[in-house]
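File shown here: run_33.cif, holding mmCIF, C-alpha atoms and all ligand atoms.
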```
data_query
#
loop_
_atom_site.label_atom_id
_atom_site.label_comp_id
_atom_site.auth_asym_id
_atom_site.auth_seq_id
_atom_site.Cartn_x
_atom_site.Cartn_y
_atom_site.Cartn_z
CA MET A 828 -40.05 -8.16 -28.67
CA HIS A 829 -36.30 -8.93 -28.85
CA SER A 830 -36.69 -12.60 -28.16
CA SER A 831 -36.11 -13.68 -31.75
CA MET A 832 -32.83 -11.74 -31.89
CA ASN A 833 -31.44 -12.57 -28.45
CA ASN A 834 -30.09 -16.05 -28.16
CA GLN A 835 -30.82 -16.68 -24.49
CA ALA A 836 -28.33 -19.56 -24.27
CA ASN A 837 -25.42 -17.28 -25.17
CA TRP A 838 -26.62 -14.27 -23.24
CA GLN A 839 -23.99 -12.67 -20.98
CA PRO A 840 -24.90 -10.00 -18.47
CA PRO A 841 -23.51 -6.83 -20.07
CA LEU A 842 -20.83 -5.02 -18.08
CA SER A 843 -19.42 -1.52 -18.37
CA GLU A 844 -16.31 -0.82 -20.37
CA ARG A 845 -14.87 0.67 -17.19
CA VAL A 846 -15.05 -2.60 -15.30
CA ARG A 847 -14.07 -4.71 -18.29
CA ASN A 848 -10.83 -2.72 -18.49
CA LEU A 849 -10.17 -3.08 -14.78
CA LYS A 850 -7.71 -5.70 -13.56
CA PRO A 851 -8.54 -7.50 -10.31
CA SER A 852 -5.93 -7.07 -7.57
CA PRO A 853 -3.25 -9.72 -8.29
CA THR A 854 -2.16 -9.80 -4.65
CA LEU A 855 -5.64 -10.86 -3.59
CA ALA A 856 -5.59 -13.61 -6.25
CA ILE A 857 -2.41 -15.19 -4.85
CA ASP A 858 -3.75 -14.86 -1.33
CA ALA A 859 -6.94 -16.66 -2.43
CA LYS A 860 -4.96 -19.50 -4.04
CA ALA A 861 -2.83 -19.88 -0.90
CA LYS A 862 -5.93 -19.94 1.29
CA ALA A 863 -7.58 -22.56 -0.95
CA LEU A 864 -4.48 -24.78 -0.71
CA LYS A 865 -4.42 -24.27 3.04
CA ALA A 866 -8.10 -25.23 3.27
CA GLN A 867 -7.21 -28.47 1.51
CA GLY A 868 -4.73 -29.14 4.30
CA ALA A 869 -1.50 -27.92 2.67
CA ASP A 870 1.13 -26.52 5.04
CA ILE A 871 1.44 -23.04 3.55
CA ILE A 872 3.86 -20.36 4.71
CA ASN A 873 1.84 -17.32 3.77
CA LEU A 874 4.12 -14.35 3.14
CA SER A 875 1.79 -12.73 0.65
CA VAL A 876 -0.38 -10.75 3.01
CA GLY A 877 -0.18 -7.01 3.45
CA GLU A 878 -1.40 -6.76 7.00
CA PRO A 879 0.21 -6.94 10.46
CA ASP A 880 -0.07 -10.36 12.12
CA PHE A 881 -0.69 -8.75 15.52
CA ASP A 882 -4.07 -8.40 17.18
CA THR A 883 -5.61 -4.93 17.52
CA PRO A 884 -4.51 -3.62 20.96
CA ASP A 885 -7.08 -4.02 23.76
CA HIS A 886 -7.57 -0.34 24.62
CA ILE A 887 -8.64 0.24 21.01
CA LYS A 888 -11.12 -2.63 21.09
CA GLU A 889 -12.49 -1.30 24.38
CA ALA A 890 -13.22 2.06 22.77
CA ALA A 891 -15.28 0.33 20.08
CA ILE A 892 -17.16 -1.78 22.63
CA LYS A 893 -17.92 1.35 24.61
CA ALA A 894 -19.18 3.06 21.44
CA ILE A 895 -21.60 0.20 20.84
CA LYS A 896 -22.80 0.16 24.44
CA ASP A 897 -23.25 3.96 24.38
CA GLY A 898 -25.42 3.61 21.29
CA PHE A 899 -22.92 5.41 19.09
CA THR A 900 -24.27 3.45 16.14
CA LYS A 901 -25.84 6.00 13.83
CA TYR A 902 -24.73 8.07 10.84
CA THR A 903 -22.00 10.55 11.65
CA ALA A 904 -20.75 13.59 9.71
CA VAL A 905 -19.66 12.42 6.24
CA GLY A 906 -16.02 13.41 6.75
CA GLY A 907 -15.64 11.96 10.24
CA ILE A 908 -16.42 12.67 13.90
CA PRO A 909 -14.81 15.67 15.65
CA ASP A 910 -12.83 13.62 18.21
CA LEU A 911 -11.20 11.51 15.49
CA LYS A 912 -10.42 14.56 13.38
CA LYS A 913 -8.93 16.19 16.48
CA ALA A 914 -6.74 13.11 17.08
CA ILE A 915 -5.57 13.18 13.44
CA ILE A 916 -4.85 16.92 13.59
CA GLU A 917 -2.79 16.39 16.77
CA LYS A 918 -0.93 13.49 15.17
CA MET A 919 -0.03 15.59 12.12
CA GLU A 920 1.25 18.33 14.45
CA ARG A 921 3.15 15.89 16.70
CA ASP A 922 4.72 13.74 13.96
CA TYR A 923 5.13 16.17 11.06
CA GLY A 924 4.92 19.64 12.60
CA LEU A 925 2.04 20.34 10.19
CA THR A 926 -1.08 22.27 11.18
CA TYR A 927 -4.47 21.36 9.72
CA SER A 928 -7.94 22.70 10.42
CA GLU A 929 -10.94 20.38 10.81
CA ASN A 930 -12.01 21.25 7.25
CA ALA A 931 -8.64 20.08 5.95
CA VAL A 932 -9.20 16.49 7.12
CA MET A 933 -11.56 13.82 5.79
CA VAL A 934 -11.93 10.39 7.41
CA SER A 935 -12.79 7.54 5.03
CA THR A 936 -13.52 3.83 4.95
CA GLY A 937 -9.81 2.93 4.83
CA GLY A 938 -6.85 4.77 3.37
CA LYS A 939 -7.82 3.11 0.10
CA LEU A 940 -11.10 5.00 -0.13
CA ALA A 941 -9.46 8.25 0.99
CA LEU A 942 -7.09 7.81 -1.98
CA TYR A 943 -9.88 6.88 -4.35
CA ASN A 944 -12.11 9.80 -3.40
CA CYS A 945 -9.14 12.15 -3.51
CA MET A 946 -8.27 11.04 -7.06
CA GLN A 947 -11.90 11.38 -8.13
CA ALA A 948 -11.76 14.93 -6.78
CA ILE A 949 -8.65 16.10 -8.67
CA ILE A 950 -8.25 14.05 -11.88
CA ASP A 951 -9.95 14.94 -15.15
CA PRO A 952 -10.01 12.57 -18.14
CA GLY A 953 -6.61 12.75 -19.83
CA ASP A 954 -4.81 14.13 -16.79
CA GLU A 955 -1.46 12.47 -16.14
CA VAL A 956 -0.22 11.05 -12.86
CA ILE A 957 3.43 10.17 -12.39
CA LEU A 958 3.97 6.90 -10.59
CA PRO A 959 7.33 5.50 -9.51
CA VAL A 960 7.80 1.80 -10.37
CA PRO A 961 7.65 -0.55 -8.43
CA TYR A 962 4.29 0.73 -7.19
CA TRP A 963 1.50 -0.40 -4.90
CA VAL A 964 -1.01 -2.40 -6.95
CA SER A 965 -4.05 -0.19 -6.47
CA TYR A 966 -2.58 3.10 -7.73
CA PRO A 967 -2.88 2.55 -11.50
CA PRO A 968 -6.50 1.31 -11.45
CA MET A 969 -7.51 4.20 -9.17
CA VAL A 970 -5.97 6.73 -11.54
CA GLU A 971 -7.59 5.03 -14.52
CA LEU A 972 -11.02 4.81 -12.87
CA ALA A 973 -10.83 8.60 -12.57
CA GLY A 974 -10.05 8.82 -16.30
CA GLY A 975 -6.39 9.65 -15.71
CA VAL A 976 -3.33 8.32 -17.50
CA VAL A 977 -0.42 6.84 -15.55
CA ARG A 978 3.08 7.93 -16.51
CA TYR A 979 5.46 5.35 -15.12
CA LEU A 980 8.80 6.33 -13.65
CA GLN A 981 11.19 3.38 -13.36
CA THR A 982 13.38 3.29 -10.24
CA GLU A 983 16.27 0.95 -9.48
CA PRO A 984 17.46 -1.10 -6.52
CA SER A 985 21.05 0.12 -7.09
CA ASN A 986 20.25 3.45 -5.44
CA GLY A 987 17.57 2.17 -3.08
CA PHE A 988 14.71 2.96 -5.50
CA ALA A 989 15.36 6.70 -5.19
CA ILE A 990 13.66 9.10 -7.63
CA GLU A 991 15.82 11.34 -9.76
CA PRO A 992 14.14 14.76 -9.99
CA ALA A 993 15.56 15.01 -13.52
CA ALA A 994 13.62 11.86 -14.43
CA ILE A 995 10.42 13.47 -13.15
CA ALA A 996 11.15 16.61 -15.15
CA GLU A 997 11.36 14.49 -18.30
CA LEU A 998 7.83 13.18 -17.75
CA LEU A 999 6.21 16.55 -17.07
CA THR A 1000 3.63 17.79 -19.56
CA SER A 1001 0.86 20.38 -19.48
CA ARG A 1002 -1.43 17.55 -18.32
CA THR A 1003 0.66 16.47 -15.30
CA LYS A 1004 -1.74 16.56 -12.36
CA ALA A 1005 0.10 14.67 -9.62
CA ILE A 1006 2.86 12.36 -8.52
CA ILE A 1007 2.17 9.51 -6.10
CA LEU A 1008 4.77 8.89 -3.40
CA ASN A 1009 4.69 6.06 -0.88
CA SER A 1010 7.46 6.24 1.69
CA PRO A 1011 8.10 3.85 3.41
CA SER A 1012 7.12 1.88 0.34
CA ASN A 1013 4.97 -1.10 -0.32
CA PRO A 1014 6.46 -3.21 -1.98
CA THR A 1015 10.14 -2.17 -1.75
CA GLY A 1016 10.45 -1.13 1.90
CA SER A 1017 12.46 1.88 0.74
CA VAL A 1018 12.24 5.33 2.29
CA TYR A 1019 12.98 8.45 0.26
CA SER A 1020 15.76 10.62 1.65
CA SER A 1021 14.82 14.06 3.00
CA GLU A 1022 16.77 15.68 0.14
CA ASN A 1023 14.98 13.57 -2.45
CA LEU A 1024 11.54 14.40 -1.00
CA LYS A 1025 12.36 18.08 -0.77
CA ASP A 1026 13.53 18.20 -4.39
CA ILE A 1027 10.27 16.59 -5.50
CA ALA A 1028 8.24 19.01 -3.37
CA GLU A 1029 10.06 21.96 -4.96
CA LEU A 1030 9.34 20.60 -8.41
CA ALA A 1031 5.65 20.21 -7.50
CA VAL A 1032 5.44 23.87 -6.50
CA LYS A 1033 7.40 25.05 -9.52
CA HIS A 1034 5.35 23.10 -12.05
CA GLY A 1035 2.03 23.15 -10.23
CA PHE A 1036 1.21 19.51 -9.62
CA TYR A 1037 0.03 17.67 -6.52
CA VAL A 1038 2.09 15.30 -4.41
CA ILE A 1039 -0.17 12.47 -3.29
CA SER A 1040 1.76 11.36 -0.25
CA ASP A 1041 0.68 7.90 0.90
CA ASP A 1042 2.15 7.87 4.40
CA ILE A 1043 0.35 4.74 5.57
CA TYR A 1044 3.65 3.11 6.79
CA ASP A 1045 5.01 6.26 8.44
CA ALA A 1046 5.22 4.64 11.88
CA ILE A 1047 7.07 1.58 10.60
CA ARG A 1048 10.58 2.76 9.82
CA PHE A 1049 13.81 1.37 11.19
CA ASP A 1050 16.17 4.33 10.91
CA GLY A 1051 14.86 6.04 14.05
CA LYS A 1052 14.10 9.15 12.02
CA GLY A 1053 10.70 10.71 12.48
CA CYS A 1054 7.92 11.08 9.93
CA GLU A 1055 8.59 13.18 6.84
CA ASN A 1056 6.72 14.12 3.69
CA ALA A 1057 6.79 16.75 0.98
CA ALA A 1058 4.77 19.22 3.09
CA SER A 1059 6.85 18.84 6.25
CA LEU A 1060 10.14 19.27 4.38
CA PHE A 1061 9.08 22.11 2.10
CA PRO A 1062 6.31 24.22 3.67
CA GLU A 1063 5.50 25.95 0.37
CA ALA A 1064 4.36 22.55 -0.89
CA LYS A 1065 1.77 22.07 1.83
CA ASP A 1066 -1.08 23.24 -0.39
CA ARG A 1067 0.12 20.86 -3.08
CA THR A 1068 0.42 17.84 -0.78
CA LEU A 1069 -2.47 15.45 -0.34
CA VAL A 1070 -1.62 13.29 2.64
CA ILE A 1071 -3.12 9.81 2.83
CA ASN A 1072 -2.82 7.84 6.04
CA GLY A 1073 -4.80 5.50 8.27
CA VAL A 1074 -4.79 3.14 11.20
CA SER A 1075 -4.62 -0.20 9.32
CA LYS A 1076 -0.87 -0.75 9.37
CA THR A 1077 0.24 1.25 12.41
CA TYR A 1078 -2.26 -0.23 14.85
CA ALA A 1079 -2.98 -3.63 13.26
CA MET A 1080 -6.50 -2.44 12.36
CA THR A 1081 -6.89 -3.51 8.73
CA GLY A 1082 -10.42 -4.84 9.25
CA TRP A 1083 -11.72 -1.68 10.92
CA ARG A 1084 -11.48 0.32 7.68
CA ILE A 1085 -10.41 3.77 8.83
CA GLY A 1086 -8.13 6.00 6.80
CA TYR A 1087 -7.91 9.69 6.09
CA LEU A 1088 -6.97 12.49 3.75
CA ALA A 1089 -5.35 15.74 4.92
CA GLY A 1090 -4.70 18.56 2.48
CA PRO A 1091 -5.91 21.88 1.14
CA GLU A 1092 -9.50 22.56 2.22
CA ALA A 1093 -10.79 22.85 -1.35
CA VAL A 1094 -9.59 19.34 -2.23
CA VAL A 1095 -10.81 17.86 1.05
CA LYS A 1096 -14.20 19.50 0.58
CA ALA A 1097 -14.43 18.12 -2.98
CA ALA A 1098 -13.40 14.62 -1.88
CA THR A 1099 -15.95 14.79 0.94
CA LYS A 1100 -18.63 15.71 -1.60
CA ILE A 1101 -17.77 12.53 -3.51
CA GLN A 1102 -17.76 10.53 -0.28
CA SER A 1103 -21.21 11.93 0.55
CA GLN A 1104 -22.47 10.20 -2.61
CA ASN A 1105 -20.74 6.84 -2.17
CA THR A 1106 -20.21 5.60 1.39
CA SER A 1107 -21.28 8.56 3.53
CA ASN A 1108 -19.44 8.36 6.85
CA PRO A 1109 -17.04 5.54 7.75
CA THR A 1110 -18.36 3.20 10.47
CA SER A 1111 -19.19 5.15 13.62
CA ILE A 1112 -17.83 2.47 15.96
CA ALA A 1113 -14.57 2.11 14.05
CA GLN A 1114 -14.10 5.88 14.15
CA LYS A 1115 -14.23 5.79 17.97
CA ALA A 1116 -11.67 2.97 17.95
CA ALA A 1117 -9.39 4.89 15.57
CA ALA A 1118 -9.60 7.98 17.79
CA ALA A 1119 -8.49 5.87 20.75
CA ALA A 1120 -5.66 4.43 18.65
CA ILE A 1121 -4.27 7.75 17.39
CA ALA A 1122 -4.78 9.77 20.59
CA GLY A 1123 -3.95 6.95 23.01
CA PRO A 1124 -0.68 5.46 24.30
CA GLN A 1125 1.76 4.61 21.50
CA ASP A 1126 3.76 1.85 23.19
CA CYS A 1127 1.80 -0.77 21.19
CA VAL A 1128 3.24 0.81 18.04
CA ARG A 1129 6.77 0.68 19.44
CA ASN A 1130 6.36 -3.00 20.33
CA MET A 1131 5.17 -3.91 16.84
CA LEU A 1132 7.98 -1.87 15.29
CA LYS A 1133 10.51 -3.77 17.43
CA ALA A 1134 9.14 -7.11 16.22
CA PHE A 1135 9.19 -5.99 12.57
CA ALA A 1136 12.79 -4.76 12.95
CA GLU A 1137 13.88 -8.07 14.46
CA ARG A 1138 12.32 -10.02 11.57
CA LYS A 1139 13.79 -7.67 8.98
CA ASP A 1140 17.24 -8.15 10.56
CA TYR A 1141 16.82 -11.92 10.45
CA LEU A 1142 15.86 -11.85 6.76
CA MET A 1143 18.73 -9.52 5.89
CA GLN A 1144 21.08 -11.91 7.61
CA GLU A 1145 19.75 -14.91 5.62
CA LEU A 1146 18.67 -13.70 2.17
CA PRO A 1147 22.06 -12.35 1.03
CA SER A 1148 23.56 -15.82 1.60
CA ILE A 1149 21.28 -17.28 -1.10
CA PRO A 1150 23.25 -17.44 -4.35
CA ALA A 1151 22.25 -14.95 -7.07
CA LEU A 1152 19.51 -13.38 -4.98
CA SER A 1153 19.97 -9.68 -4.33
CA CYS A 1154 17.95 -7.71 -1.87
CA VAL A 1155 17.94 -4.05 -0.87
CA GLU A 1156 17.68 -3.71 2.89
CA PRO A 1157 14.21 -2.39 3.75
CA LYS A 1158 14.14 0.85 5.72
CA GLY A 1159 10.47 0.62 6.60
CA ALA A 1160 7.07 -1.10 6.13
CA PHE A 1161 7.08 -4.91 6.47
CA TYR A 1162 8.15 -6.26 3.10
CA VAL A 1163 11.37 -7.50 1.50
CA PHE A 1164 11.63 -7.33 -2.26
CA PRO A 1165 14.47 -9.50 -3.54
CA ASP A 1166 15.53 -9.62 -7.18
CA PHE A 1167 15.04 -13.16 -8.52
CA SER A 1168 15.84 -12.43 -12.15
CA ALA A 1169 19.13 -14.35 -12.07
CA TYR A 1170 17.00 -17.49 -11.70
CA TYR A 1171 14.85 -16.79 -14.72
CA GLY A 1172 15.52 -19.20 -17.57
CA LYS A 1173 16.13 -22.09 -15.15
CA LYS A 1174 13.93 -25.18 -15.14
CA THR A 1175 11.85 -26.75 -12.38
CA PRO A 1176 12.99 -30.15 -11.07
CA ASN A 1177 9.64 -31.95 -11.44
CA ASN A 1178 8.31 -31.06 -14.86
CA GLY A 1179 11.19 -29.13 -16.42
CA ARG A 1180 9.01 -26.06 -16.80
CA GLU A 1181 10.98 -22.88 -17.45
CA ILE A 1182 10.78 -20.10 -14.87
CA ASP A 1183 10.21 -17.24 -17.27
CA GLY A 1184 9.37 -14.46 -14.83
CA SER A 1185 8.02 -13.48 -11.44
CA LEU A 1186 4.62 -15.09 -11.99
CA ALA A 1187 6.18 -18.48 -12.78
CA MET A 1188 8.58 -18.06 -9.85
CA ALA A 1189 5.78 -17.25 -7.39
CA ASP A 1190 3.80 -20.20 -8.73
CA TYR A 1191 6.81 -22.50 -8.33
CA LEU A 1192 7.36 -21.29 -4.76
CA LEU A 1193 3.71 -21.92 -3.93
CA ASP A 1194 3.53 -25.35 -5.59
CA GLU A 1195 6.92 -26.71 -4.54
CA ALA A 1196 7.92 -24.87 -1.38
CA ARG A 1197 4.41 -24.06 -0.17
CA ILE A 1198 5.42 -20.42 0.23
CA ALA A 1199 2.88 -17.80 -0.82
CA ALA A 1200 4.45 -14.55 -2.04
CA VAL A 1201 3.49 -11.89 -4.54
CA PRO A 1202 5.11 -11.74 -7.99
CA GLY A 1203 6.81 -8.44 -8.79
CA ILE A 1204 4.83 -8.04 -11.97
CA ALA A 1205 1.86 -7.09 -9.79
CA PHE A 1206 3.90 -4.04 -8.75
CA GLY A 1207 5.07 -3.29 -12.29
CA ASP A 1208 8.51 -4.92 -12.08
CA ASP A 1209 8.98 -8.53 -13.11
CA ARG A 1210 12.43 -8.93 -11.55
CA PHE A 1211 11.20 -9.14 -7.99
CA ILE A 1212 9.06 -11.13 -5.56
CA ARG A 1213 7.49 -9.50 -2.51
CA PHE A 1214 7.63 -11.30 0.83
CA SER A 1215 5.73 -9.88 3.75
CA TYR A 1216 7.33 -10.33 7.15
CA ALA A 1217 4.10 -9.78 8.99
CA ALA A 1218 4.65 -13.34 10.17
CA SER A 1219 6.32 -14.85 13.24
CA LEU A 1220 10.08 -15.37 13.32
CA ASP A 1221 9.51 -19.14 13.38
CA THR A 1222 7.38 -18.93 10.25
CA LEU A 1223 10.06 -16.84 8.55
CA LYS A 1224 12.78 -19.33 9.52
CA GLU A 1225 10.81 -22.18 7.98
CA GLY A 1226 10.14 -20.01 4.92
CA VAL A 1227 13.82 -19.24 4.41
CA LYS A 1228 14.70 -22.93 4.73
CA ARG A 1229 12.14 -23.86 2.09
CA LEU A 1230 13.14 -20.99 -0.19
CA LYS A 1231 16.80 -22.05 -0.13
CA LYS A 1232 15.87 -25.63 -0.96
CA ALA A 1233 13.48 -24.70 -3.77
CA LEU A 1234 15.96 -22.34 -5.43
CA ALA A 1235 18.80 -24.86 -5.18
CA ALA A 1236 16.60 -27.44 -6.96
CA LEU A 1237 16.29 -25.28 -10.10
CA SER A 1238 18.65 -26.13 -12.92
C1 LIG B 1301 -2.42 -1.00 3.09
C2 LIG B 1301 -2.14 0.15 2.21
C3 LIG B 1301 -3.02 1.25 2.06
C4 LIG B 1301 -4.38 1.43 2.68
O1 LIG B 1301 -4.90 0.49 3.43
P1 LIG B 1301 -6.33 0.69 4.14
O2 LIG B 1301 -6.50 -0.59 4.87
O3 LIG B 1301 -7.33 0.90 3.06
O4 LIG B 1301 -6.22 1.88 5.03
C5 LIG B 1301 -2.64 2.30 1.27
N1 LIG B 1301 -1.47 2.31 0.65
C6 LIG B 1301 -0.61 1.29 0.75
C7 LIG B 1301 0.68 1.39 0.03
C8 LIG B 1301 -0.90 0.18 1.52
O5 LIG B 1301 -0.03 -0.82 1.59
#
```
Written as structure tokens, that's how I'd like the structure from this file.
Amino acid sequence: MHSSMNNQANWQPPLSERVRNLKPSPTLAIDAKAKALKAQGADIINLSVGEPDFDTPDHIKEAAIKAIKDGFTKYTAVGGIPDLKKAIIEKMERDYGLTYSENAVMVSTGGKLALYNCMQAIIDPGDEVILPVPYWVSYPPMVELAGGVVRYLQTEPSNGFAIEPAAIAELLTSRTKAIILNSPSNPTGSVYSSENLKDIAELAVKHGFYVISDDIYDAIRFDGKGCENAASLFPEAKDRTLVINGVSKTYAMTGWRIGYLAGPEAVVKAATKIQSQNTSNPTSIAQKAAAAAIAGPQDCVRNMLKAFAERKDYLMQELPSIPALSCVEPKGAFYVFPDFSAYYGKKTPNNGREIDGSLAMADYLLDEARIAAVPGIAFGDDRFIRFSYAASLDTLKEGVKRLKKALAALS
């Protein structure tokens, strides 16, 4: 027996190295702290959340209710039901001019799982994935959980966070497996230019790596230009492009958990094999709702876009008037990402604590101004703070007022 060797009082349940190395999502941590303060009665302006503040449109809910009433409540095909795949295929044709077969599409439990399963399907231990910084929080852990190594590519606000193809070329090795692009971007709101995307697509073909194109915000862009990605701009790159998308952001359906992967059949088949061993099919009812969303009338999307544009315009009218705060105008998604670094080194009015980075700044804003926002360090760049404008104009106005006051109080 081990009992003499195991000190029961000090016993800790052993965990895998994999999970011990994994960082919890920092954006969820801030959200949890804000919610806890709110539960205690604090008047919190929550600009930390990454989901639309609108309700899911009624015709989409009706499709789910009908699915339940029709008894559509059993397992479906692992990679999704035919009518949802058909809706996705038509969307890709309509918005991107790209043609996919049913076998080139996999529906998953959220875009997040489509990404995860896709990475599990293509990355071997030691493979390298190029990731522009600032990046969405979940990309590095997903690459690492697949055994991959992230090669970070710093981008700058001075040119709208564009990627220099020469900078990619510098990072290429024999182990380069993929680059992850997210345009419009969470957290920066930037959109890559057509030329920039095309250059990257050409490089992918030339050097033989994948473009993981996270197009989840493709419907939320303010320049009136249509959807674009590496495959639509450079057809030769279609077999190199792994498109990730979903209904969460476009249709205010974050809780329904439907996303998808579209790409070369071999990769989709491999990702579906992985999905068959983790979740099996995404929720049958939610799939019916997503089909109604993607194939149905799109005026709900236009209305949400109009509201986001109005809020973005308000913020871009106010934020530049705050001394020493610089902010690139977002071209899409629903985030602003101002540079706060000119305030670092200043001290808080109450306890004279130094603001030494984005974490301290976000903490100060939460404690003093009761604004919840996400520190840039979560996205790999400590200069910035991310504010979501998936909040009413009134909420944003109050937020701006509090932000101005809190920043002016620093010395
Ligand atoms: C929200 C989001 C996703 C996926 O969200 P799901 O709800 O899992 O579909 C993927 N990428 C980015 C950048 C996001 O912001």
Output as CSV one row per residue of chain A within 10 Å of ligand LIG 1301 (chain B): the closest atom pair and its distance in Å to one decimal place, counting only C-alpha atoms and all ligand atoms, sorted by chain and residue number ascending.
```
residue,atom,partner,partner_atom,distance
A:Val876,CA,B:LIG1301,C1,10.0
A:Gly877,CA,B:LIG1301,C1,6.4
A:Glu878,CA,B:LIG1301,C1,7.0
A:Pro879,CA,B:LIG1301,C1,9.8
A:Ser935,CA,B:LIG1301,O4,8.7
A:Thr936,CA,B:LIG1301,O3,7.1
A:Gly937,CA,B:LIG1301,O3,3.7
A:Gly938,CA,B:LIG1301,O4,3.4
A:Lys939,CA,B:LIG1301,O3,3.7
A:Leu940,CA,B:LIG1301,O3,6.4
A:Ala941,CA,B:LIG1301,O3,7.9
A:Leu942,CA,B:LIG1301,C5,7.8
A:Tyr943,CA,B:LIG1301,O3,9.9
A:Tyr962,CA,B:LIG1301,C7,8.1
A:Trp963,CA,B:LIG1301,C7,5.3
A:Val964,CA,B:LIG1301,C7,8.1
A:Ser965,CA,B:LIG1301,N1,8.0
A:Tyr966,CA,B:LIG1301,N1,8.5
A:Leu1008,CA,B:LIG1301,C7,9.2
A:Asn1009,CA,B:LIG1301,C7,6.2
A:Ser1010,CA,B:LIG1301,C7,8.5
A:Pro1011,CA,B:LIG1301,C7,8.5
A:Ser1012,CA,B:LIG1301,C7,6.5
A:Asn1013,CA,B:LIG1301,C7,5.0
A:Pro1014,CA,B:LIG1301,C7,7.7
A:Ser1040,CA,B:LIG1301,N1,9.7
A:Asp1041,CA,B:LIG1301,N1,6.0
A:Asp1042,CA,B:LIG1301,N1,7.6
A:Ile1043,CA,B:LIG1301,C5,5.8
A:Tyr1044,CA,B:LIG1301,O5,7.5
A:Ile1071,CA,B:LIG1301,C5,7.7
A:Asn1072,CA,B:LIG1301,O4,6.9
A:Gly1073,CA,B:LIG1301,O4,5.1
A:Val1074,CA,B:LIG1301,O4,6.5
A:Ser1075,CA,B:LIG1301,O2,4.8
A:Lys1076,CA,B:LIG1301,C1,6.5
A:Thr1077,CA,B:LIG1301,O4,9.8
A:Ala1079,CA,B:LIG1301,O2,9.6
A:Met1080,CA,B:LIG1301,O2,7.7
A:Thr1081,CA,B:LIG1301,O2,4.9
A:Gly1082,CA,B:LIG1301,O2,7.3
A:Trp1083,CA,B:LIG1301,O2,8.1
A:Arg1084,CA,B:LIG1301,O2,5.8
A:Ile1085,CA,B:LIG1301,O4,6.0
A:Gly1086,CA,B:LIG1301,O4,4.9
A:Tyr1087,CA,B:LIG1301,O4,8.1
A:Ala1160,CA,B:LIG1301,O5,8.4
A:Phe1161,CA,B:LIG1301,O5,9.5
A:Tyr1162,CA,B:LIG1301,O5,9.9
```
With only C-alpha atoms as the atoms that count, which of A:Ser1111, A:Asn1178, A:Thr1222, A:Asn1056 lies nearest to A:Ile1198?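 Answer, going by the shortest atom-to-atom distance: A:Thr1222.
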Report as an MDAnalysis selection string all protein, DNA and RNA residues lying within 12 Å of stretch 1000-1006 of chain A, evaluated on all atoms listed in the file, omitting residues in the same chain fewer than 4 positions from it. chainID A and resid 945:946 948:960 962 966:967 970 975:980 990 992 995:996 1024 1027:1028 1030:1032 1034:1041 1057 1067:1069
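Distances here use all atoms listed in the file; by that measure, the residue among A:Leu1132, A:Leu864, A:Val1095, A:Ala1118 closest to A:Gly1159 is A:Leu1132.
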Distance query 6 Å from (0.8, -21.5, -1.6) using all atoms listed in the file, result as a list in words: Ala861, Ile871, Leu1193, Arg1197, Ile1198 and Ala1199 of chain A
Which residues, written as a PDB file with C-alpha atoms, keeping the file's coordinate frame, have at least one atom at most 10 Å from A:Ala1093, with all atoms listed in the file counted and residues fewer than 6 positions away on the same chain left out?
```pdb
ATOM      1  CA  ASN A 930     -12.010  21.250   7.250  1.00  0.00           C
ATOM      2  CA  ALA A 931      -8.640  20.080   5.950  1.00  0.00           C
ATOM      3  CA  ALA A 948     -11.760  14.930  -6.780  1.00  0.00           C
ATOM      4  CA  ASP A1066      -1.080  23.240  -0.390  1.00  0.00           C
ATOM      5  CA  THR A1099     -15.950  14.790   0.940  1.00  0.00           C
TER       6      THR A1099
END
```
Pick from A:Ala869, A:Ile908, A:Val934, A:Cys1154, whichever lies nearest to A:Gln1102 using all atoms listed in the file: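 Among A:Ala869, A:Ile908, A:Val934, A:Cys1154, it is A:Val934 that comes nearest to A:Gln1102.
With only C-alpha atoms as the atoms that count, the minimum distance from A:Gly1016 to the choices A:Arg847, A:Arg1048, A:Lys901, A:Lys1228 is reached by A:Arg1048.
Compared by their closest atoms to A:Ala989, and using all atoms listed in the file, the residues A:Pro851, A:Pro909, A:Pro961, A:Gly974 rank with A:Pro961 nearest.
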Using Å and a single decimal, report how far atom CA of A:Ile916 sits from atom CA of A:Ile892.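 The value is 24.1 Å.
One finds atom CA of A:Thr1175 at 7.2 Å from atom CA of A:Ala1236.
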Between A:Ser1103, A:Ser875, A:Thr900, A:Thr1110, which has the minimum distance to A:Pro1202 (counting only C-alpha atoms)?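 Closest to A:Pro1202, using only C-alpha atoms: A:Ser875.
We find atom CA of A:Asn944 and atom CA of A:Gly907 to be spaced 14.3 Å apart.
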Any idea what's packed within 7 Å of stretch 1134-1144 of chain A, counting all atoms listed in the file, ignoring anything in its chain fewer than 2 positions away? Could you give it as a ChimeraX atom specification? /A:1049,1130-1132,1146-1147,1156,1161,1216,1220
Would you list the residues near (3.3, 18.4, 6.7) (no more than 7 Å away, in the coordinates of the file, using all atoms listed in the file) as a compact mmCIF listing (two decimals) with C-alpha atoms, keeping the file's coordinate frame?
```txt
# COMPACT_ATOMS: atom_id res chain seq x y z
CA MET A 919 -0.03 15.59 12.12
CA TYR A 923 5.13 16.17 11.06
CA GLY A 924 4.92 19.64 12.60
CA LEU A 925 2.04 20.34 10.19
CA ASN A 1056 6.72 14.12 3.69
CA ALA A 1057 6.79 16.75 0.98
CA ALA A 1058 4.77 19.22 3.09
CA SER A 1059 6.85 18.84 6.25
CA LYS A 1065 1.77 22.07 1.83
```
